[in-house]
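Engineer: So that you have it, the file is final.txt, and it contains compact mmCIF, C-alpha atoms:
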```
# COMPACT_ATOMS: atom_id res chain seq x y z
CA MET A 1 13.64 103.92 148.18
CA LYS A 2 14.79 101.06 145.94
CA LYS A 3 15.98 99.15 148.99
CA ILE A 4 12.70 99.75 150.78
CA ILE A 5 10.74 98.47 147.80
CA LEU A 6 12.93 95.37 147.66
CA SER A 7 12.29 94.73 151.35
CA ILE A 8 8.56 94.94 150.71
CA VAL A 9 8.83 92.50 147.80
CA VAL A 10 10.63 90.02 150.07
CA MET A 11 8.00 90.44 152.75
CA MET A 12 5.15 90.07 150.29
CA ALA A 13 6.73 86.87 148.95
CA ALA A 14 6.81 85.53 152.48
CA VAL A 15 3.21 86.49 153.12
CA ALA A 16 2.07 84.79 149.92
CA SER A 17 3.96 81.64 150.83
CA PHE A 18 2.50 81.61 154.33
CA ALA A 19 -1.05 82.25 153.19
CA GLN A 20 -0.79 79.27 150.85
CA GLY A 21 0.29 77.08 153.73
CA GLY A 22 3.89 76.71 152.61
CA GLY A 23 5.79 79.37 154.48
CA GLY A 24 7.67 79.04 157.74
CA ARG A 25 7.72 81.68 160.40
CA GLN A 26 11.01 83.56 160.52
CA GLY A 27 12.53 85.93 163.03
CA GLY A 28 12.94 89.68 162.79
CA MET A 29 10.63 92.14 161.07
CA MET A 30 8.60 89.42 159.33
CA ALA A 31 7.43 87.76 162.53
CA GLY A 32 4.26 89.84 162.88
CA LEU A 33 2.97 89.11 159.41
CA GLN A 34 3.62 85.41 159.40
CA ASN A 35 2.46 84.86 162.96
CA ASN A 36 -0.93 86.44 162.34
CA PRO A 37 -3.65 83.77 161.97
CA LEU A 38 -5.81 86.23 160.03
CA MET A 39 -3.48 85.93 157.02
CA LEU A 40 -5.07 82.50 156.51
CA LEU A 41 -8.40 84.10 155.67
CA THR A 42 -7.28 84.47 152.05
CA ARG A 43 -7.39 80.68 151.62
CA GLU A 44 -10.56 79.23 150.11
CA ASP A 45 -10.42 76.11 152.28
CA VAL A 46 -10.18 78.27 155.41
CA GLN A 47 -13.10 80.42 154.24
CA GLU A 48 -15.13 77.29 153.67
CA ASP A 49 -14.30 75.91 157.12
CA LEU A 50 -15.26 79.21 158.75
CA GLY A 51 -18.42 79.55 156.68
CA LEU A 52 -17.66 83.11 155.55
CA ASN A 53 -20.55 84.81 153.79
CA SER A 54 -20.20 86.71 150.50
CA ASP A 55 -19.80 90.08 152.24
CA GLN A 56 -17.02 88.76 154.47
CA LYS A 57 -15.24 87.18 151.51
CA LEU A 58 -15.37 90.47 149.61
CA LYS A 59 -13.88 92.38 152.54
CA VAL A 60 -11.08 89.82 152.86
CA ALA A 61 -10.33 89.95 149.12
CA GLU A 62 -10.16 93.74 149.13
CA TYR A 63 -8.15 94.06 152.33
CA PHE A 64 -5.56 91.41 151.45
CA ALA A 65 -5.27 92.28 147.75
CA PRO A 66 -1.55 92.50 146.78
CA ASP A 67 -1.80 96.19 145.85
CA ALA A 68 -3.55 97.05 149.11
CA MET A 69 -1.03 95.07 151.16
CA ARG A 70 1.88 96.60 149.28
CA GLU A 71 0.54 100.10 149.86
CA ARG A 72 0.13 99.52 153.59
CA MET A 73 3.60 98.00 153.90
CA MET A 74 5.11 100.85 151.92
CA SER A 75 3.47 103.28 154.32
CA VAL A 76 4.87 101.38 157.31
CA PHE A 77 8.41 101.54 155.95
CA GLN A 78 8.19 105.16 154.91
CA ASN A 79 6.78 106.28 158.25
CA SER A 80 9.40 104.28 160.15
CA GLY A 81 12.16 106.59 158.91
CA MET A 82 14.40 103.54 158.52
CA SER A 83 16.49 102.31 155.62
CA PHE A 84 17.29 98.73 154.67
CA GLU A 85 20.77 99.21 156.14
CA ASP A 86 19.24 100.23 159.47
CA MET A 87 17.36 96.94 159.58
CA ARG A 88 20.56 94.93 159.25
CA SER A 89 21.51 95.86 162.82
CA GLU A 90 20.03 94.15 165.89
CA GLU A 91 18.69 97.47 167.15
CA GLY A 92 17.14 98.26 163.76
CA ARG A 93 15.48 94.85 163.47
CA LYS A 94 14.04 95.20 166.98
CA LYS A 95 12.65 98.63 166.15
CA MET A 96 11.07 97.37 162.94
CA GLN A 97 9.66 94.32 164.72
CA ASP A 98 8.02 96.61 167.29
CA ILE A 99 6.56 98.70 164.46
CA MET A 100 5.29 95.57 162.70
CA THR A 101 3.73 94.28 165.93
CA LYS A 102 1.72 97.49 166.29
CA GLN A 103 0.71 97.28 162.63
CA MET A 104 -0.48 93.69 163.08
CA ASP A 105 -2.46 94.60 166.20
CA SER A 106 -4.23 97.29 164.19
CA MET A 107 -4.91 94.85 161.37
CA LYS A 108 -6.19 92.25 163.84
CA LYS A 109 -8.76 94.63 165.31
CA GLU A 110 -10.03 95.68 161.90
CA VAL A 111 -10.32 92.21 160.40
CA GLU A 112 -11.83 90.64 163.52
CA SER A 113 -14.60 93.25 163.37
CA TRP A 114 -15.86 91.43 160.25
CA LEU A 115 -15.90 88.01 161.94
CA THR A 116 -18.09 86.37 164.55
CA PRO A 117 -16.45 85.30 167.84
CA GLU A 118 -16.75 81.68 166.72
CA GLN A 119 -15.00 82.41 163.42
CA THR A 120 -12.22 84.30 165.20
CA LYS A 121 -11.67 81.36 167.57
CA ARG A 122 -11.70 78.86 164.73
CA VAL A 123 -9.15 80.67 162.57
CA VAL A 124 -6.75 80.61 165.53
CA GLU A 125 -7.29 76.85 165.84
CA ILE A 126 -6.62 76.39 162.14
CA SER A 127 -3.44 78.45 162.39
CA LEU A 128 -2.16 76.15 165.14
CA GLN A 129 -2.67 73.17 162.83
CA VAL A 130 -1.13 74.87 159.79
CA ASN A 131 1.86 76.27 161.70
CA GLY A 132 2.53 73.12 163.67
CA PHE A 133 5.30 73.46 166.23
CA ARG A 134 6.11 76.94 164.93
CA SER A 135 3.02 78.02 166.88
CA ILE A 136 5.06 78.01 170.11
CA LEU A 137 6.82 81.15 168.85
CA ASN A 138 3.58 82.92 169.77
CA LYS A 139 3.85 84.15 173.37
CA ASP A 140 0.24 83.27 174.19
CA VAL A 141 0.69 79.72 172.92
CA ALA A 142 3.98 79.36 174.82
CA LYS A 143 2.23 80.54 177.99
CA SER A 144 -0.61 78.03 177.52
CA LEU A 145 1.94 75.23 177.13
CA GLU A 146 3.86 76.43 180.21
CA ILE A 147 7.16 76.64 178.36
CA THR A 148 10.02 76.60 180.88
CA SER A 149 12.91 79.06 180.93
CA ALA A 150 15.25 76.32 179.72
CA GLN A 151 12.93 75.56 176.81
CA GLN A 152 12.56 79.25 176.00
CA ALA A 153 16.34 79.60 175.85
CA LYS A 154 16.44 76.84 173.22
CA ILE A 155 13.57 78.47 171.31
CA ASP A 156 15.35 81.83 171.38
CA GLY A 157 18.47 80.18 170.00
CA LEU A 158 16.51 78.63 167.15
CA GLN A 159 14.85 81.98 166.40
CA LYS A 160 18.20 83.69 166.28
CA SER A 161 19.57 81.13 163.84
CA SER A 162 16.42 81.40 161.75
CA GLY A 163 16.66 85.18 161.70
CA GLU A 164 20.29 85.04 160.59
CA ALA A 165 19.38 82.62 157.81
CA MET A 166 16.61 85.00 156.69
CA GLN A 167 19.00 87.94 156.64
CA ALA A 168 21.39 85.94 154.48
CA LEU A 169 18.60 85.10 152.04
CA MET A 170 17.47 88.72 151.90
CA GLN A 171 21.03 89.78 151.13
CA LYS A 172 21.20 87.29 148.27
CA MET A 173 17.90 88.55 146.89
CA ARG A 174 19.10 92.12 147.19
CA ASP A 175 22.24 91.13 145.29
CA GLN A 176 19.97 89.48 142.68
CA GLU A 177 21.47 86.07 143.40
CA LEU A 178 17.99 84.71 144.16
CA SER A 179 14.65 85.16 142.41
CA ARG A 180 11.44 85.63 144.41
CA GLU A 181 10.44 82.04 143.61
CA GLU A 182 13.79 80.72 144.82
CA MET A 183 13.43 82.83 147.93
CA GLN A 184 10.03 81.29 148.70
CA GLU A 185 11.37 77.78 148.14
CA LYS A 186 14.31 78.31 150.49
CA MET A 187 12.05 79.93 153.06
CA LYS A 188 9.78 76.89 152.98
CA LYS A 189 12.74 74.57 153.49
CA ASN A 190 14.02 76.67 156.39
CA GLY A 191 10.52 76.74 157.87
CA ASP A 192 10.25 72.95 157.72
CA ILE A 193 13.59 72.60 159.48
CA MET A 194 12.55 75.14 162.10
CA ASN A 195 9.28 73.28 162.71
CA THR A 196 11.10 69.99 163.26
CA GLU A 197 13.64 71.50 165.67
CA LEU A 198 10.95 73.32 167.67
CA GLY A 199 9.05 70.05 168.05
CA LYS A 200 12.10 68.53 169.73
CA VAL A 201 11.98 71.23 172.42
CA LEU A 202 8.52 70.19 173.65
CA THR A 203 7.63 67.37 176.01
CA ASP A 204 5.15 64.68 174.97
CA ASN A 205 2.45 66.32 177.12
CA GLN A 206 3.07 69.72 175.55
CA ARG A 207 2.85 68.29 172.05
CA ALA A 208 -0.43 66.60 172.97
CA LYS A 209 -1.84 69.82 174.42
CA LEU A 210 -0.83 71.81 171.35
CA SER A 211 -2.68 69.30 169.19
CA GLU A 212 -5.75 69.59 171.43
CA MET A 213 -5.64 73.40 171.19
CA GLY A 214 -5.99 73.06 167.41
CA GLY A 215 -9.59 71.88 167.76
CA LYS A 216 -11.31 69.74 165.16
CA LYS A 217 -9.18 68.63 162.25
CA PHE A 218 -8.84 71.16 159.46
CA VAL A 219 -9.01 69.52 156.05
CA GLU A 220 -6.62 71.32 153.71
CA LYS A 221 -7.50 71.39 150.04
CA LYS A 222 -4.81 71.47 147.40
CA GLU A 223 -5.17 73.59 144.30
CA GLY A 224 -7.41 71.97 141.74
CA ASN A 225 -9.32 69.91 144.32
```
Take the structure in the file and write it out as structure tokens.
Structural biologist:
Amino acid sequence: MKKIILSIVVMMAAVASFAQGGGGRQGGMMAGLQNNPLMLLTREDVQEDLGLNSDQKLKVAEYFAPDAMRERMMSVFQNSGMSFEDMRSEEGRKKMQDIMTKQMDSMKKEVESWLTPEQTKRVVEISLQVNGFRSILNKDVAKSLEITSAQQAKIDGLQKSSGEAMQALMQKMRDQELSREEMQEKMKKNGDIMNTELGKVLTDNQRAKLSEMGGKKFVEKKEGN
């Protein structure tokens, strides 16, 4: 149970970093959480852009509250019947990723029921801008950009390296060699590197199309502004 709780802490740290616009998408079991545009709804600048009303903001605050998220993630891990050691294997990570994908699909349906179609479309556009080239890790985005098999092979290689780096960081946190804050900082650095390398995979036309898919410019607001 201690290992499961630690895994949840790591995941929650990643989610917090992503929601604040600083996290990079990683491979493995965390992909579903960080690839979900709806996680951005916790940001005030995103809420302002979408024009969320008070009722919508309240639902977002309650649904994405740390305790509520932690409880849902705890339930996912407990019901999976897996241990942290299981998730260190390729088979275990794939199983957990499948479980997380189903969990994110369920979350997507629930949260989108609070939004208008226009708001749902806009939050996807904002996520493309915030995630940058990491957006091509989303299968739908890759399909829209007509990613070739050769490009996908390069992307898969980068994902594998990213996943291995994440596993190494998780091991260090488990061994108490890293604090949660240090974990977030290293994840951000790895995410920035990943973003740069993914950008090199795309052609000029694909980069232009990805930018176009992001819609009107999203103006990010830093804390205190």
Engineer: Could you check how far atom CA of Ser54 of chain A sits from atom CA of Met213 of chain A, in Å to one decimal?
Structural biologist: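 Distance between the two atoms: 28.6 Å.
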Engineer: Report, in Å to a single decimal, how far apart atom CA of Leu169 of chain A and atom CA of Glu220 of chain A are.
Structural biologist: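 Separation between atom CA of Glu220 of chain A and atom CA of Leu169 of chain A: 28.8 Å.
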Engineer: Here is a test: counting only C-alpha atoms, which residue of A:Met183, A:Leu202, A:Ala153, A:Val46 is nearest to Val124 of chain A?
Structural biologist: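 Using only C-alpha atoms, the shortest distance to Val124 of chain A belongs to A:Val46.
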Engineer: Measuring between all atoms listed in the file, which one of A:Val111, A:Met82, A:Val130, A:Leu210 shows the shortest distance to Ala142 of chain A?
Structural biologist: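 With all atoms listed in the file as the atom set, the closest residue is A:Leu210.
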Engineer: Identify, on the basis of all atoms listed in the file, every residue whose closest approach to Lys200 of chain A does not exceed 12 Å; exclude the query and any residue fewer than 2 positions from it along the same chain; express the result as a list in words.
Structural biologist: Phe133, Arg134, Ile136, Gln151, Lys154, Ile155, Leu158, Ile193, Met194, Asn195, Thr196, Glu197, Leu198, Leu202, Thr203, Asp204, Gln206 and Arg207 of chain A
Engineer: Skip Ala61 of chain A itself and residues of its chain fewer than 3 positions away, then list as a PDB file with C-alpha atoms, in the coordinates of the input all residues within 12 Å of it, counting all atoms listed in the file.
Structural biologist:
```
ATOM      1  CA  MET A  39      -3.480  85.930 157.020  1.00  0.00           C
ATOM      2  CA  LEU A  40      -5.070  82.500 156.510  1.00  0.00           C
ATOM      3  CA  LEU A  41      -8.400  84.100 155.670  1.00  0.00           C
ATOM      4  CA  THR A  42      -7.280  84.470 152.050  1.00  0.00           C
ATOM      5  CA  ARG A  43      -7.390  80.680 151.620  1.00  0.00           C
ATOM      6  CA  GLU A  44     -10.560  79.230 150.110  1.00  0.00           C
ATOM      7  CA  GLN A  47     -13.100  80.420 154.240  1.00  0.00           C
ATOM      8  CA  LEU A  52     -17.660  83.110 155.550  1.00  0.00           C
ATOM      9  CA  SER A  54     -20.200  86.710 150.500  1.00  0.00           C
ATOM     10  CA  ASP A  55     -19.800  90.080 152.240  1.00  0.00           C
ATOM     11  CA  GLN A  56     -17.020  88.760 154.470  1.00  0.00           C
ATOM     12  CA  LYS A  57     -15.240  87.180 151.510  1.00  0.00           C
ATOM     13  CA  LEU A  58     -15.370  90.470 149.610  1.00  0.00           C
ATOM     14  CA  PHE A  64      -5.560  91.410 151.450  1.00  0.00           C
ATOM     15  CA  ALA A  65      -5.270  92.280 147.750  1.00  0.00           C
ATOM     16  CA  PRO A  66      -1.550  92.500 146.780  1.00  0.00           C
ATOM     17  CA  ASP A  67      -1.800  96.190 145.850  1.00  0.00           C
ATOM     18  CA  ALA A  68      -3.550  97.050 149.110  1.00  0.00           C
ATOM     19  CA  MET A  69      -1.030  95.070 151.160  1.00  0.00           C
ATOM     20  CA  VAL A 111     -10.320  92.210 160.400  1.00  0.00           C
TER      21      VAL A 111
END
```
Engineer: How many Å lie between atom CA of Arg174 of chain A and atom CA of Glu85 of chain A, rounded to one decimal?
Structural biologist: 11.5 Å
Engineer: Which one is closest to Lys216 of chain A: A:Gln176, A:Gln129, A:Ser144, A:Ser113? Count all atoms listed in the file.
Structural biologist: A:Gln129
